[in-house]
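Enquirer: The structure's right below; bear with me while I get my questions together.
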Amino acid sequence: MGSLDQQLHIFFFPFMAHGHMIPTMEMAKLFTFRGVKTTIVTTTMNAHSISKPIQTMKNLGFEIDIRILRFPTAEVGLPEGCENFDFIVSNPGVDLHDKFFLATTMLQEQLEMLLFECHSDCLVADMFFPWATDAAAKFGIPRLVFHGVSFFALCAEECVRLYELDKNVSSDVEPFVIPNLPGEIRLTRKQLPEYSKQGQSKPELTKVLKAWKESELKSFGVIVNSFYELEPDYADFYTNELGRKAWHIGSVSLSNRAVEHKGKREKEAHECLKWLDSMKSDSVIYICFGTMTNFTTTQLKKIAVALEASEQPFIWVVRRENEIESDEEWLPRGFEERNEGKGLIIRGWAPQVLILEHKAVGGFVTHCGWNSTLEGISAGKRMVTWPVTSEQFYNEKLVTDVLKIGVSVGVKEWGKFHGDEIKSEDIENRIRRVMEGEEVVEMRSRARKLGKMAREAVENGGSSYSDLDALVDLIKRRK
């Protein structure tokens with residue numbers, strides 16, 4: 001029994017992209033609140049983005065630290081400082097994807113040295129590091145996989161993988177029902193991630209996918225940033241039908257807000273939240289497409305035209321990279337002057353969780369990245385779905401077809417970060433549907449009910465709170 005009283009030490013190793021690092025950081029905090037010593041492993045450039053919140057936690061007396069790996073940019077021919085995948089997406093003219101992933105495979109030896117030196121009891125590593133399972137096994141410690149997606153997406157992806165699309169679907173635009181997956185979910189081959197299309201993937205990509213799958217099956221299990229009440233059929237399918245060990249501990253951002261009561265200073269400092277205080281309840285549409293979506297100048301202008309035509313108060317977050325162009329190139333002439341007091345454009349970072357939680361915000365136009373989707377769900381908001389890449393079409397189906405708290409903007413094709421071209425009239429129509437259409441009352445009721453479930457899941461005795469307790473206890477007993 002004595003070993004159960006010894007403090008656990010868990011390593012967290014996120015993929016080097018903001019959409020992976022942020023939830024991993026939030027997850028590490030949750031374990032720290034349970035008395036676990038946690039260490040975030042990342043590279044020099046990426047450490048800068050998380051050093052401040054880690055220092056804040058340390059100042060509060062929590063045991064959390066950073067350990068640095070050297071990212072081998074020169075060895076693989078990457079530009080100096082290219083240590084985050086967001087950099088690659090922001091520079092679409094140069095294809096550096098393969099080099100970046102090659103560089104990540106060269107981190108294994110450094111990670112193993114840290115595991116040896118620090119006597120870690122468990123390694124939580126991103127799915128993009130399939131070699132992490134073998135690295136952990138060398139030291140007799142369990143490796144947990146973090147995908148950063150929903151149970152629904154995990155199940156849909158596996159069902160598609162097992163389905164012989166080339167034999168059963170005649171064209172890229174023919175709708176098919178994802179076999180064996182609960183809910184009669186329909187997609188086309190054009191909406192699938194590139195790596196899901198049998199016979200169309202690059203040989204090296206097929207090899208990587210095989211490594212990911214084998215690594216997951218050999219691992220101790222999977223951590224999912226979700227809560228059971230959100231997708232019970234798919235959580236059960238993943239464990240019972242697909243035979244995976246998994247723990248749902250989300251929403252991790254909501255969990256930390258409940259524990260830390262954070263964000264007060266952010267709220268006081270950011271002008272958009274003061275502006276929201278002056279708006280009517282449930283009246284504002286929030287538009288944000290994450291850190292990786294690169295819309296064209298033409299598409300940005302269509303969004304602006306649609307926002308103005310919809311006559312809805314709005315907050316629109318535009319990626320900082322678009323500032324290389326003058327406003328005149330992507331905004332209709334006089335747009336900001338005409339919409340002064342009625343809408344805000346935020347260029348760059350925005351306090352998304354705080355914006356979504358504000359009572360003035362009623363709807364959310366989103367790219368359906370899982371972090372954003374879950375934040376919208378947890379805040380009880382209706383959504384206009386605009387998937388672009390990765391597993392985002394799966395997330396759209398969860399929001400529109402399963403949860404029925406949103407409408408699709410009408411994207412037909414997986415877009416590799418650049419997106420489909422959508423007409424202004426279609427964008428305007430969908431915004432009006434979630435803000436003032438006939439479906440609003442029912443969608444609002446469902447969305448608010450899910451938001452309440454999300455809060456209850458992370459409270460003491462809730463499903464996510466209890467699952468995290470069970471996981472920590474299991475790792476202690478294994479130690």
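Letters A, B, ... mark the chains of the structure tokens in the order given; residue numbers begin at 1 per chain; ligand numbers begin at 1, in order shown.
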Which residues come within 10 Å of Leu300 in chain A, counting only C-alpha atoms, excluding same-chain residues fewer than 6 positions away, as a list in words?

Expert: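 Result of the neighbour search: Asn294, Ala306, Val318, Asn322, Glu329, Trp330, Leu331, Pro332, Glu421 and Ser424 of chain A.
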
Enquirer: May I have the residues from that selection written out with N, CA, C and O atoms, as a CSV table (one decimal), in the first residue's frame?

Expert:
chain,number,residue,atom,x,y,z
A,294,ASN,N,-6.2,29.3,-43.7
A,294,ASN,CA,-5.7,30.4,-44.5
A,294,ASN,C,-6.7,30.7,-45.6
A,294,ASN,O,-6.6,30.2,-46.7
A,306,ALA,N,-21.2,39.2,-46.1
A,306,ALA,CA,-22.3,38.4,-45.5
A,306,ALA,C,-22.6,38.9,-44.1
A,306,ALA,O,-23.8,39.0,-43.7
A,318,VAL,N,-9.7,37.7,-37.3
A,318,VAL,CA,-9.0,37.5,-38.5
A,318,VAL,C,-7.5,37.2,-38.2
A,318,VAL,O,-6.9,37.9,-37.4
A,322,ASN,N,-2.9,37.7,-42.2
A,322,ASN,CA,-3.6,38.5,-43.2
A,322,ASN,C,-3.2,39.9,-43.1
A,322,ASN,O,-3.6,40.7,-44.0
A,329,GLU,N,-7.8,45.4,-49.3
A,329,GLU,CA,-7.7,44.2,-50.1
A,329,GLU,C,-8.7,43.1,-49.7
A,329,GLU,O,-9.1,42.3,-50.5
A,330,TRP,N,-9.1,43.1,-48.4
A,330,TRP,CA,-10.0,42.0,-47.9
A,330,TRP,C,-11.2,42.5,-47.2
A,330,TRP,O,-12.0,41.7,-46.8
A,331,LEU,N,-11.4,43.8,-47.2
A,331,LEU,CA,-12.6,44.4,-46.6
A,331,LEU,C,-13.3,45.3,-47.6
A,331,LEU,O,-12.6,46.1,-48.3
A,332,PRO,N,-14.6,45.2,-47.7
A,332,PRO,CA,-15.3,46.2,-48.6
A,332,PRO,C,-15.0,47.6,-48.1
A,332,PRO,O,-14.8,47.9,-46.9
A,421,GLU,N,-14.4,27.7,-51.4
A,421,GLU,CA,-15.0,29.1,-51.6
A,421,GLU,C,-16.5,29.0,-51.4
A,421,GLU,O,-17.2,28.2,-52.1
A,424,SER,N,-21.3,34.6,-50.4
A,424,SER,CA,-21.7,35.5,-49.4
A,424,SER,C,-23.2,35.2,-49.0
A,424,SER,O,-23.5,35.2,-47.8

Enquirer: Within 10 Å of Leu115 in chain A, counting only C-alpha atoms, which residues show up once you throw out same-chain ones fewer than 3 positions away? Write them as number ranges by chain, please.

Expert: A: 10-11, 109-112, 118-123, 135-136, 138-139, 141

Enquirer: Take the residues from that selection and put them in a file with N, CA and C atoms, as a short mmCIF file (atom, residue, chain, number, x, y, z; two decimals), in the first residue's frame.

Expert:
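Contents of again_37.cif, as written:
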data_model
loop_
_atom_site.label_atom_id
_atom_site.label_comp_id
_atom_site.auth_asym_id
_atom_site.auth_seq_id
_atom_site.Cartn_x
_atom_site.Cartn_y
_atom_site.Cartn_z
N ILE A 10 4.38 12.51 -14.12
CA ILE A 10 3.91 12.21 -15.48
C ILE A 10 4.50 13.22 -16.45
N PHE A 11 5.04 12.71 -17.58
CA PHE A 11 5.52 13.54 -18.67
C PHE A 11 4.38 13.77 -19.67
N GLU A 109 15.62 9.88 -29.14
CA GLU A 109 16.78 9.67 -28.26
C GLU A 109 16.81 10.70 -27.13
N GLN A 110 16.51 11.96 -27.46
CA GLN A 110 16.50 13.00 -26.42
C GLN A 110 15.40 12.73 -25.39
N LEU A 111 14.21 12.30 -25.88
CA LEU A 111 13.13 12.01 -24.95
C LEU A 111 13.51 10.86 -24.02
N GLU A 112 14.11 9.83 -24.57
CA GLU A 112 14.49 8.68 -23.74
C GLU A 112 15.51 9.06 -22.68
N CYS A 118 14.73 11.51 -15.28
CA CYS A 118 13.68 12.05 -14.40
C CYS A 118 12.80 11.00 -13.74
N HIS A 119 12.99 9.74 -14.09
CA HIS A 119 12.23 8.64 -13.46
C HIS A 119 10.72 8.88 -13.54
N SER A 120 10.24 9.16 -14.74
CA SER A 120 8.81 9.38 -14.95
C SER A 120 8.03 8.09 -14.73
N ASP A 121 6.78 8.23 -14.27
CA ASP A 121 5.91 7.07 -14.04
C ASP A 121 4.95 6.82 -15.19
N CYS A 122 4.82 7.79 -16.11
CA CYS A 122 3.88 7.65 -17.22
C CYS A 122 4.22 8.70 -18.26
N LEU A 123 3.98 8.39 -19.52
CA LEU A 123 4.20 9.33 -20.62
C LEU A 123 2.90 9.52 -21.37
N ALA A 135 9.41 3.98 -26.77
CA ALA A 135 10.31 4.72 -25.88
C ALA A 135 9.92 4.52 -24.42
N ALA A 136 8.61 4.61 -24.15
CA ALA A 136 8.14 4.41 -22.77
C ALA A 136 8.36 2.98 -22.32
N LYS A 138 10.72 0.98 -23.00
CA LYS A 138 12.11 0.73 -22.61
C LYS A 138 12.34 0.96 -21.12
N PHE A 139 11.52 1.81 -20.53
CA PHE A 139 11.68 2.14 -19.11
C PHE A 139 10.55 1.55 -18.26
N ILE A 141 7.34 1.97 -18.39
CA ILE A 141 6.27 2.88 -17.97
C ILE A 141 5.18 2.91 -19.04
#

Enquirer: Find the residue from A:Ser251, A:Thr291, A:Gln392, A:Thr366 that sits nearest to Tyr465 in chain A; use only C-alpha atoms when measuring.

Expert: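 Of all the options, A:Ser251 lies closest to Tyr465 in chain A.
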
Enquirer: Neighbours of Ser219 in chain A within 9 Å (only C-alpha atoms; same-chain residues fewer than 2 positions away dropped), as a PyMOL selection string?

Expert: chain A and resi 133-134+142-145+214-217+221-222

Enquirer: With N, CA, C and O atoms kept, could you save the residues just selected as a compact mmCIF listing (two decimals), in the first residue's frame?

Expert:
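Produced file result.txt, reproduced below:
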# COMPACT_ATOMS: atom_id res chain seq x y z
N THR A 133 5.49 5.07 -27.79
CA THR A 133 5.08 3.85 -27.09
C THR A 133 6.29 2.97 -26.81
O THR A 133 6.47 2.46 -25.70
N ASP A 134 7.14 2.79 -27.82
CA ASP A 134 8.35 1.98 -27.64
C ASP A 134 9.33 2.66 -26.69
O ASP A 134 10.01 1.99 -25.89
N PRO A 142 3.94 3.19 -18.66
CA PRO A 142 2.84 3.22 -19.63
C PRO A 142 2.87 4.47 -20.48
O PRO A 142 3.27 5.54 -20.02
N ARG A 143 2.45 4.33 -21.74
CA ARG A 143 2.29 5.47 -22.64
C ARG A 143 0.80 5.65 -22.92
O ARG A 143 0.12 4.72 -23.36
N LEU A 144 0.28 6.83 -22.67
CA LEU A 144 -1.09 7.18 -23.00
C LEU A 144 -1.07 8.05 -24.25
O LEU A 144 -0.23 8.94 -24.39
N VAL A 145 -2.00 7.80 -25.17
CA VAL A 145 -2.09 8.54 -26.42
C VAL A 145 -3.08 9.69 -26.26
O VAL A 145 -4.17 9.51 -25.72
N GLU A 214 -0.65 1.05 -34.98
CA GLU A 214 0.03 0.01 -34.20
C GLU A 214 0.49 0.56 -32.86
O GLU A 214 0.40 -0.13 -31.83
N SER A 215 0.96 1.79 -32.86
CA SER A 215 1.41 2.42 -31.62
C SER A 215 0.27 2.57 -30.63
O SER A 215 0.41 2.31 -29.43
N GLU A 216 -0.90 3.00 -31.14
CA GLU A 216 -2.07 3.17 -30.26
C GLU A 216 -2.51 1.83 -29.67
O GLU A 216 -2.81 1.74 -28.47
N LEU A 217 -2.52 0.79 -30.49
CA LEU A 217 -2.97 -0.53 -30.01
C LEU A 217 -2.03 -1.10 -28.96
O LEU A 217 -2.46 -1.85 -28.08
N GLY A 221 -3.42 3.15 -23.32
CA GLY A 221 -4.78 3.62 -23.58
C GLY A 221 -4.79 5.02 -24.16
O GLY A 221 -3.74 5.57 -24.53
N VAL A 222 -5.96 5.62 -24.24
CA VAL A 222 -6.17 6.90 -24.90
C VAL A 222 -6.87 7.87 -23.96
O VAL A 222 -7.82 7.49 -23.26

Enquirer: Just checking: using only C-alpha atoms, which residue out of A:Asn225, A:Thr42, A:Gln6, A:Gln312 ends up closest to Met279 in chain A?

Expert: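 Residue with the minimum atom-to-atom distance to Met279 in chain A: A:Gln312.
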
Enquirer: Please indicate the distance in Å from CA of Asp277 in chain A to CA of His358 in chain A, rounded to one decimal place.

Expert: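 Straight-line distance from CA of Asp277 in chain A to CA of His358 in chain A works out to 8.2 Å.
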
Enquirer: From the options A:Val434, A:Ile475, A:Leu468, A:Val440, which residue's atoms come nearest to Met27 in chain A, counting only C-alpha atoms?

Expert: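 Nearest to Met27 in chain A: A:Leu468.
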
Enquirer: Write out as a PyMOL selection string which residues come within 8 Å of Ala28 in chain A when counting only C-alpha atoms, dropping same-chain ones fewer than 6 positions away.

Expert: chain A and resi 12+38-40

Enquirer: Can those selected residues be exported to a file as a PDB file, in the first residue's frame so that it contains all heavy atoms?

Expert:
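What follows is the written file out_10.pdb:
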ATOM      1  N   PHE A  12       4.263  15.003 -20.174  1.00  0.00           N
ATOM      2  CA  PHE A  12       3.307  15.342 -21.227  1.00  0.00           C
ATOM      3  C   PHE A  12       4.095  15.871 -22.421  1.00  0.00           C
ATOM      4  O   PHE A  12       4.860  16.829 -22.297  1.00  0.00           O
ATOM      5  CB  PHE A  12       2.311  16.399 -20.742  1.00  0.00           C
ATOM      6  CG  PHE A  12       1.370  15.885 -19.693  1.00  0.00           C
ATOM      7  CD1 PHE A  12       1.745  15.868 -18.349  1.00  0.00           C
ATOM      8  CD2 PHE A  12       0.116  15.413 -20.036  1.00  0.00           C
ATOM      9  CE1 PHE A  12       0.889  15.389 -17.377  1.00  0.00           C
ATOM     10  CE2 PHE A  12      -0.751  14.928 -19.072  1.00  0.00           C
ATOM     11  CZ  PHE A  12      -0.365  14.910 -17.742  1.00  0.00           C
ATOM     12  N   THR A  38       3.994  17.123 -12.716  1.00  0.00           N
ATOM     13  CA  THR A  38       3.903  17.046 -14.169  1.00  0.00           C
ATOM     14  C   THR A  38       5.050  17.799 -14.823  1.00  0.00           C
ATOM     15  O   THR A  38       5.513  18.831 -14.318  1.00  0.00           O
ATOM     16  CB  THR A  38       2.560  17.618 -14.695  1.00  0.00           C
ATOM     17  OG1 THR A  38       2.464  18.990 -14.320  1.00  0.00           O
ATOM     18  CG2 THR A  38       1.393  16.857 -14.111  1.00  0.00           C
ATOM     19  N   THR A  39       5.490  17.279 -15.953  1.00  0.00           N
ATOM     20  CA  THR A  39       6.551  17.909 -16.736  1.00  0.00           C
ATOM     21  C   THR A  39       6.105  17.979 -18.191  1.00  0.00           C
ATOM     22  O   THR A  39       5.712  16.962 -18.766  1.00  0.00           O
ATOM     23  CB  THR A  39       7.864  17.110 -16.638  1.00  0.00           C
ATOM     24  OG1 THR A  39       8.321  17.109 -15.282  1.00  0.00           O
ATOM     25  CG2 THR A  39       8.940  17.730 -17.519  1.00  0.00           C
ATOM     26  N   ILE A  40       6.133  19.181 -18.764  1.00  0.00           N
ATOM     27  CA  ILE A  40       5.827  19.374 -20.177  1.00  0.00           C
ATOM     28  C   ILE A  40       7.133  19.271 -20.953  1.00  0.00           C
ATOM     29  O   ILE A  40       8.110  19.960 -20.631  1.00  0.00           O
ATOM     30  CB  ILE A  40       5.195  20.752 -20.446  1.00  0.00           C
ATOM     31  CG1 ILE A  40       4.040  21.041 -19.489  1.00  0.00           C
ATOM     32  CG2 ILE A  40       4.751  20.851 -21.906  1.00  0.00           C
ATOM     33  CD1 ILE A  40       2.836  20.209 -19.695  1.00  0.00           C
TER      34      ILE A  40
END

Enquirer: Just list as a PyMOL selection string whatever in range 129-234 of chain A DSSP marks as alpha helix (DSSP H).

Expert: chain A and resi 132-137+151-162+165-168+203-218+232-234

Enquirer: Using only C-alpha atoms, pick whichever of A:Ile223, A:Asp233, A:Gly343, A:Glu63 has the shortest atom-to-atom distance to Trp247 in chain A.

Expert: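 For Trp247 in chain A, the nearest of the candidates is A:Ile223.
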
Enquirer: Have a look at A:Ile66, A:Ile345, A:Met435, A:Met57 and name the one nearest to Gly362 in chain A; count only C-alpha atoms.

Expert: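 Of all the options, A:Met435 lies closest to Gly362 in chain A.
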